[in-house]
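Undergrad: Below you'll find the structure I mean.
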Amino acid sequence: MRIEQNGQWTDVPNECLSVFPFGEDEVSLSGDDAGLGIAIIGKPTEKGERLKVSIFKLHDEILCSEVVRCPNVGDPPDYIRECARDLR
């Protein structure tokens with residue numbers, strides 16, 4: 001996968017894409033002069049829960065993370081706490 005911004009192409013590292021064996025339900029894109037962000041949400045084939053991956057291009061650097069559940073012992077039963085797990 002490559003990201004184009006202002007006429008310049010940047011390759012997305014394979015580590016950022018290795019969690020994508022699923023069909024996408026939603027793709028969001030936002031950006032400005034400093035960078036570009038992509039959020040992809042889908043349902044993996046091997047899991048029953050939705051997966052969200054964020055890929056950010058800041059200048060010439062690519063950052064990517066997977067949003068995962070990270071419950072805390074003190075959380076109420078219905079509360080869903082999420083954390084970002086770096087994919088690189």
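Here, A, B, ... name the chains of the structure tokens in the order displayed, residue numbers run from 1 inside each chain, and ligands are numbered from 1 in the same displayed order.
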Can you tell me which residues surround Ser18 of chain A at a distance of at most 12 Å, considering only C-alpha atoms, apart from same-chain residues fewer than 6 positions away, and format the answer as number ranges by chain?

TA: A: 1, 12, 44, 53, 64-66, 87-88

Undergrad: Those residues with N, CA, C and O atoms, as an mmCIF file, in the first residue's frame please?

TA:
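And here is the file that came out, out.cif:
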```cif
data_model
loop_
_atom_site.group_PDB
_atom_site.id
_atom_site.type_symbol
_atom_site.label_atom_id
_atom_site.label_comp_id
_atom_site.auth_asym_id
_atom_site.auth_seq_id
_atom_site.Cartn_x
_atom_site.Cartn_y
_atom_site.Cartn_z
ATOM 1 N N MET A 1 0.849 -1.169 0.000
ATOM 2 C CA MET A 1 0.000 0.000 0.000
ATOM 3 C C MET A 1 0.894 1.230 0.000
ATOM 4 O O MET A 1 1.930 1.247 0.662
ATOM 5 N N VAL A 12 3.643 2.163 2.834
ATOM 6 C CA VAL A 12 3.221 1.764 4.172
ATOM 7 C C VAL A 12 3.917 0.439 4.489
ATOM 8 O O VAL A 12 3.839 -0.502 3.704
ATOM 9 N N PRO A 44 -12.582 -9.115 11.543
ATOM 10 C CA PRO A 44 -11.633 -10.152 11.110
ATOM 11 C C PRO A 44 -12.340 -11.489 10.894
ATOM 12 O O PRO A 44 -13.344 -11.775 11.542
ATOM 13 N N VAL A 53 -7.774 -0.250 12.827
ATOM 14 C CA VAL A 53 -6.360 0.024 12.597
ATOM 15 C C VAL A 53 -6.230 1.466 12.147
ATOM 16 O O VAL A 53 -6.988 1.931 11.297
ATOM 17 N N CYS A 64 1.629 3.290 12.778
ATOM 18 C CA CYS A 64 0.412 2.494 12.674
ATOM 19 C C CYS A 64 0.149 1.761 13.982
ATOM 20 O O CYS A 64 1.078 1.351 14.675
ATOM 21 N N SER A 65 -1.130 1.642 14.303
ATOM 22 C CA SER A 65 -1.512 0.978 15.544
ATOM 23 C C SER A 65 -2.859 0.296 15.367
ATOM 24 O O SER A 65 -3.666 0.670 14.523
ATOM 25 N N GLU A 66 -3.060 -0.723 16.188
ATOM 26 C CA GLU A 66 -4.328 -1.439 16.243
ATOM 27 C C GLU A 66 -5.006 -1.055 17.548
ATOM 28 O O GLU A 66 -4.364 -1.004 18.593
ATOM 29 N N LEU A 87 1.930 -1.429 15.861
ATOM 30 C CA LEU A 87 2.122 -2.556 14.953
ATOM 31 C C LEU A 87 3.539 -2.638 14.390
ATOM 32 O O LEU A 87 3.841 -3.567 13.664
ATOM 33 N N ARG A 88 4.379 -1.696 14.715
ATOM 34 C CA ARG A 88 5.744 -1.714 14.168
ATOM 35 C C ARG A 88 6.710 -2.116 15.182
ATOM 36 O O ARG A 88 7.176 -2.204 15.995
#
```

Undergrad: Please give the complete set of residues from chain A that DSSP, run on the backbone, assigns to alpha helix (DSSP H), formatted as a ChimeraX atom specification.

TA: /A:14-17

Undergrad: Tell me which protein, DNA and RNA residues are within 10 Å of Gly31 of chain A, counting only C-alpha atoms, leaving out same-chain ones fewer than 6 positions away, and put them as a list in words.

TA: Gln5, Gly37, Ile38, Phe56, Lys57 and Leu58 of chain A

Undergrad: Export, as a compact mmCIF listing (two decimals), in the first residue's frame, the selected residues with C-alpha atoms.

TA:
```txt
# COMPACT_ATOMS: atom_id res chain seq x y z
CA GLN A 5 0.12 13.37 -0.29
CA GLY A 37 -4.54 9.75 8.86
CA ILE A 38 -6.45 6.63 7.82
CA PHE A 56 -0.76 8.04 10.13
CA LYS A 57 1.69 9.68 7.76
CA LEU A 58 3.53 12.54 9.44
```

Undergrad: Which residues are close to Thr10 of chain A, i.e. within 10 Å by only C-alpha atoms, leaving aside same-chain residues fewer than 5 positions away? Reply as a list of chain:residue names.

TA: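 In the requested format, the answer is A:Met1, A:Arg2, A:Ile3, A:Glu4, A:Gln5, A:Lys57, A:His59, A:Asp60, A:Glu61, A:Ile62.
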
Undergrad: Take the residues just selected and output them with N, CA and C atoms as a PDB file, in the first residue's frame.

TA:
```
ATOM      1  N   MET A   1       0.849  -1.169   0.000  1.00  0.00           N
ATOM      2  CA  MET A   1       0.000   0.000   0.000  1.00  0.00           C
ATOM      3  C   MET A   1       0.894   1.230   0.000  1.00  0.00           C
ATOM      4  N   ARG A   2       0.488   2.236  -0.742  1.00  0.00           N
ATOM      5  CA  ARG A   2       1.226   3.496  -0.792  1.00  0.00           C
ATOM      6  C   ARG A   2       0.268   4.636  -0.487  1.00  0.00           C
ATOM      7  N   ILE A   3       0.780   5.661   0.175  1.00  0.00           N
ATOM      8  CA  ILE A   3       0.001   6.860   0.487  1.00  0.00           C
ATOM      9  C   ILE A   3       0.567   8.011  -0.324  1.00  0.00           C
ATOM     10  N   GLU A   4      -0.314   8.731  -1.009  1.00  0.00           N
ATOM     11  CA  GLU A   4       0.098   9.893  -1.789  1.00  0.00           C
ATOM     12  C   GLU A   4      -0.411  11.141  -1.089  1.00  0.00           C
ATOM     13  N   GLN A   5       0.489  12.087  -0.875  1.00  0.00           N
ATOM     14  CA  GLN A   5       0.123  13.374  -0.288  1.00  0.00           C
ATOM     15  C   GLN A   5       0.945  14.454  -0.959  1.00  0.00           C
ATOM     16  N   LYS A  57       0.487   9.233   8.465  1.00  0.00           N
ATOM     17  CA  LYS A  57       1.685   9.680   7.759  1.00  0.00           C
ATOM     18  C   LYS A  57       1.981  11.083   8.251  1.00  0.00           C
ATOM     19  N   HIS A  59       4.826  13.826   7.877  1.00  0.00           N
ATOM     20  CA  HIS A  59       5.986  14.166   7.053  1.00  0.00           C
ATOM     21  C   HIS A  59       6.420  12.917   6.297  1.00  0.00           C
ATOM     22  N   ASP A  60       7.588  12.341   6.555  1.00  0.00           N
ATOM     23  CA  ASP A  60       8.039  11.140   5.845  1.00  0.00           C
ATOM     24  C   ASP A  60       7.950   9.884   6.704  1.00  0.00           C
ATOM     25  N   GLU A  61       7.315   9.955   7.867  1.00  0.00           N
ATOM     26  CA  GLU A  61       7.240   8.819   8.774  1.00  0.00           C
ATOM     27  C   GLU A  61       5.835   8.215   8.765  1.00  0.00           C
ATOM     28  N   ILE A  62       5.762   6.881   8.844  1.00  0.00           N
ATOM     29  CA  ILE A  62       4.486   6.180   8.919  1.00  0.00           C
ATOM     30  C   ILE A  62       4.356   5.571  10.310  1.00  0.00           C
TER      31      ILE A  62
END
```

Undergrad: Hey, can you check how far atom CA of Cys83 of chain A sits from atom CA of Trp9 of chain A?

TA: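 Interatomic distance, atom CA of Cys83 of chain A to atom CA of Trp9 of chain A: 29.2 Å.
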
Undergrad: As a PyMOL selection string, please: every residue in chain A that a backbone DSSP assignment puts in strand (DSSP E).

TA: chain A and resi 2-5+8-11+22-31+35-44+51-58+61-69+82-86

Undergrad: Save out the residues we just selected, N, CA and C atoms, as a tab-separated table (two decimals), in the first residue's frame.

TA:
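The file below, result_19.tsv, is the result:
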```tsv
chain	number	residue	atom	x	y	z
A	2	ARG	N	0.49	2.24	-0.74
A	2	ARG	CA	1.23	3.50	-0.79
A	2	ARG	C	0.27	4.64	-0.49
A	3	ILE	N	0.78	5.66	0.17
A	3	ILE	CA	0.00	6.86	0.49
A	3	ILE	C	0.57	8.01	-0.32
A	4	GLU	N	-0.31	8.73	-1.01
A	4	GLU	CA	0.10	9.89	-1.79
A	4	GLU	C	-0.41	11.14	-1.09
A	5	GLN	N	0.49	12.09	-0.87
A	5	GLN	CA	0.12	13.37	-0.29
A	5	GLN	C	0.94	14.45	-0.96
A	8	GLN	N	3.67	13.38	-3.42
A	8	GLN	CA	4.75	12.51	-2.96
A	8	GLN	C	4.16	11.20	-2.45
A	9	TRP	N	4.78	10.09	-2.83
A	9	TRP	CA	4.31	8.77	-2.44
A	9	TRP	C	5.18	8.22	-1.31
A	10	THR	N	4.53	7.57	-0.34
A	10	THR	CA	5.22	6.92	0.78
A	10	THR	C	4.67	5.51	0.91
A	11	ASP	N	5.56	4.51	0.99
A	11	ASP	CA	5.13	3.13	1.17
A	11	ASP	C	4.76	2.88	2.62
A	22	PHE	N	-9.57	-9.33	6.67
A	22	PHE	CA	-11.00	-9.14	6.91
A	22	PHE	C	-11.58	-8.19	5.88
A	23	GLY	N	-12.88	-8.14	5.83
A	23	GLY	CA	-13.56	-7.18	4.97
A	23	GLY	C	-13.78	-5.88	5.73
A	24	GLU	N	-13.56	-4.78	5.09
A	24	GLU	CA	-13.72	-3.48	5.75
A	24	GLU	C	-15.19	-3.11	5.85
A	25	ASP	N	-15.55	-2.57	7.01
A	25	ASP	CA	-16.88	-2.02	7.20
A	25	ASP	C	-16.88	-0.51	7.01
A	26	GLU	N	-15.74	0.12	7.33
A	26	GLU	CA	-15.66	1.57	7.31
A	26	GLU	C	-14.22	2.01	7.09
A	27	VAL	N	-14.02	3.01	6.25
A	27	VAL	CA	-12.70	3.61	6.04
A	27	VAL	C	-12.85	5.11	6.18
A	28	SER	N	-12.02	5.72	7.03
A	28	SER	CA	-12.04	7.17	7.24
A	28	SER	C	-10.69	7.74	6.87
A	29	LEU	N	-10.70	8.94	6.33
A	29	LEU	CA	-9.46	9.59	5.91
A	29	LEU	C	-9.53	11.05	6.33
A	30	SER	N	-8.44	11.54	6.92
A	30	SER	CA	-8.36	12.95	7.25
A	30	SER	C	-6.93	13.41	7.08
A	31	GLY	N	-6.74	14.69	6.84
A	31	GLY	CA	-5.38	15.18	6.67
A	31	GLY	C	-5.30	16.68	6.55
A	35	GLY	N	0.18	16.18	7.80
A	35	GLY	CA	0.09	14.73	7.74
A	35	GLY	C	-1.25	14.23	7.26
A	36	LEU	N	-1.38	12.91	7.30
A	36	LEU	CA	-2.56	12.24	6.78
A	36	LEU	C	-2.88	11.07	7.70
A	37	GLY	N	-4.14	10.85	8.01
A	37	GLY	CA	-4.54	9.75	8.86
A	37	GLY	C	-5.60	8.90	8.20
A	38	ILE	N	-5.48	7.57	8.37
A	38	ILE	CA	-6.45	6.63	7.82
A	38	ILE	C	-6.89	5.72	8.96
A	39	ALA	N	-8.18	5.56	9.14
A	39	ALA	CA	-8.72	4.62	10.11
A	39	ALA	C	-9.53	3.59	9.33
A	40	ILE	N	-9.23	2.31	9.54
A	40	ILE	CA	-9.93	1.23	8.86
A	40	ILE	C	-10.57	0.35	9.92
A	41	ILE	N	-11.87	0.12	9.78
A	41	ILE	CA	-12.61	-0.69	10.74
A	41	ILE	C	-13.24	-1.86	9.99
A	42	GLY	N	-13.10	-3.04	10.56
A	42	GLY	CA	-13.66	-4.22	9.92
A	42	GLY	C	-13.83	-5.35	10.91
A	43	LYS	N	-14.32	-6.47	10.41
A	43	LYS	CA	-14.51	-7.65	11.24
A	43	LYS	C	-13.57	-8.74	10.74
A	44	PRO	N	-12.58	-9.12	11.54
A	44	PRO	CA	-11.63	-10.15	11.11
A	44	PRO	C	-12.34	-11.49	10.89
A	51	LEU	N	-12.36	-4.80	14.44
A	51	LEU	CA	-10.96	-4.41	14.54
A	51	LEU	C	-10.80	-3.02	13.94
A	52	LYS	N	-10.02	-2.18	14.59
A	52	LYS	CA	-9.75	-0.84	14.07
A	52	LYS	C	-8.24	-0.67	13.98
A	53	VAL	N	-7.77	-0.25	12.83
A	53	VAL	CA	-6.36	0.02	12.60
A	53	VAL	C	-6.23	1.47	12.15
A	54	SER	N	-5.28	2.18	12.75
A	54	SER	CA	-5.01	3.57	12.37
A	54	SER	C	-3.63	3.66	11.74
A	55	ILE	N	-3.54	4.33	10.62
A	55	ILE	CA	-2.27	4.56	9.93
A	55	ILE	C	-2.13	6.07	9.76
A	56	PHE	N	-1.02	6.60	10.24
A	56	PHE	CA	-0.76	8.04	10.13
A	56	PHE	C	0.53	8.27	9.37
A	57	LYS	N	0.49	9.23	8.46
A	57	LYS	CA	1.69	9.68	7.76
A	57	LYS	C	1.98	11.08	8.25
A	58	LEU	N	3.08	11.24	8.95
A	58	LEU	CA	3.53	12.54	9.44
A	58	LEU	C	4.85	12.86	8.77
A	61	GLU	N	7.31	9.96	7.87
A	61	GLU	CA	7.24	8.82	8.77
A	61	GLU	C	5.83	8.22	8.76
A	62	ILE	N	5.76	6.88	8.84
A	62	ILE	CA	4.49	6.18	8.92
A	62	ILE	C	4.36	5.57	10.31
A	63	LEU	N	3.25	5.86	10.99
A	63	LEU	CA	2.95	5.29	12.30
A	63	LEU	C	1.68	4.46	12.14
A	64	CYS	N	1.63	3.29	12.78
A	64	CYS	CA	0.41	2.49	12.67
A	64	CYS	C	0.15	1.76	13.98
A	65	SER	N	-1.13	1.64	14.30
A	65	SER	CA	-1.51	0.98	15.54
A	65	SER	C	-2.86	0.30	15.37
A	66	GLU	N	-3.06	-0.72	16.19
A	66	GLU	CA	-4.33	-1.44	16.24
A	66	GLU	C	-5.01	-1.06	17.55
A	67	VAL	N	-6.29	-0.74	17.49
A	67	VAL	CA	-7.04	-0.42	18.69
A	67	VAL	C	-7.52	-1.75	19.29
A	68	VAL	N	-7.15	-2.01	20.55
A	68	VAL	CA	-7.50	-3.26	21.22
A	68	VAL	C	-8.19	-2.95	22.55
A	69	ARG	N	-8.93	-3.91	23.04
A	69	ARG	CA	-9.55	-3.77	24.36
A	69	ARG	C	-8.48	-3.95	25.43
A	82	GLU	N	-10.35	1.09	25.51
A	82	GLU	CA	-9.53	0.75	24.35
A	82	GLU	C	-8.15	1.40	24.47
A	83	CYS	N	-7.16	0.70	23.94
A	83	CYS	CA	-5.78	1.17	23.91
A	83	CYS	C	-5.22	0.95	22.51
A	84	ALA	N	-4.19	1.67	22.18
A	84	ALA	CA	-3.52	1.50	20.89
A	84	ALA	C	-2.30	0.60	21.07
A	85	ARG	N	-2.19	-0.43	20.23
A	85	ARG	CA	-1.05	-1.34	20.24
A	85	ARG	C	-0.24	-1.06	18.98
A	86	ASP	N	1.00	-0.65	19.15
A	86	ASP	CA	1.86	-0.32	18.01
A	86	ASP	C	2.10	-1.56	17.17
```

Undergrad: I'd like the neighbourhood of Ile80 of chain A as JSON, numbers by chain, where a residue qualifies if any of its atoms comes within 9 Å (using only C-alpha atoms), though same-chain residues fewer than 5 positions away should be ignored.

TA: {"A": [69, 70, 71, 75]}
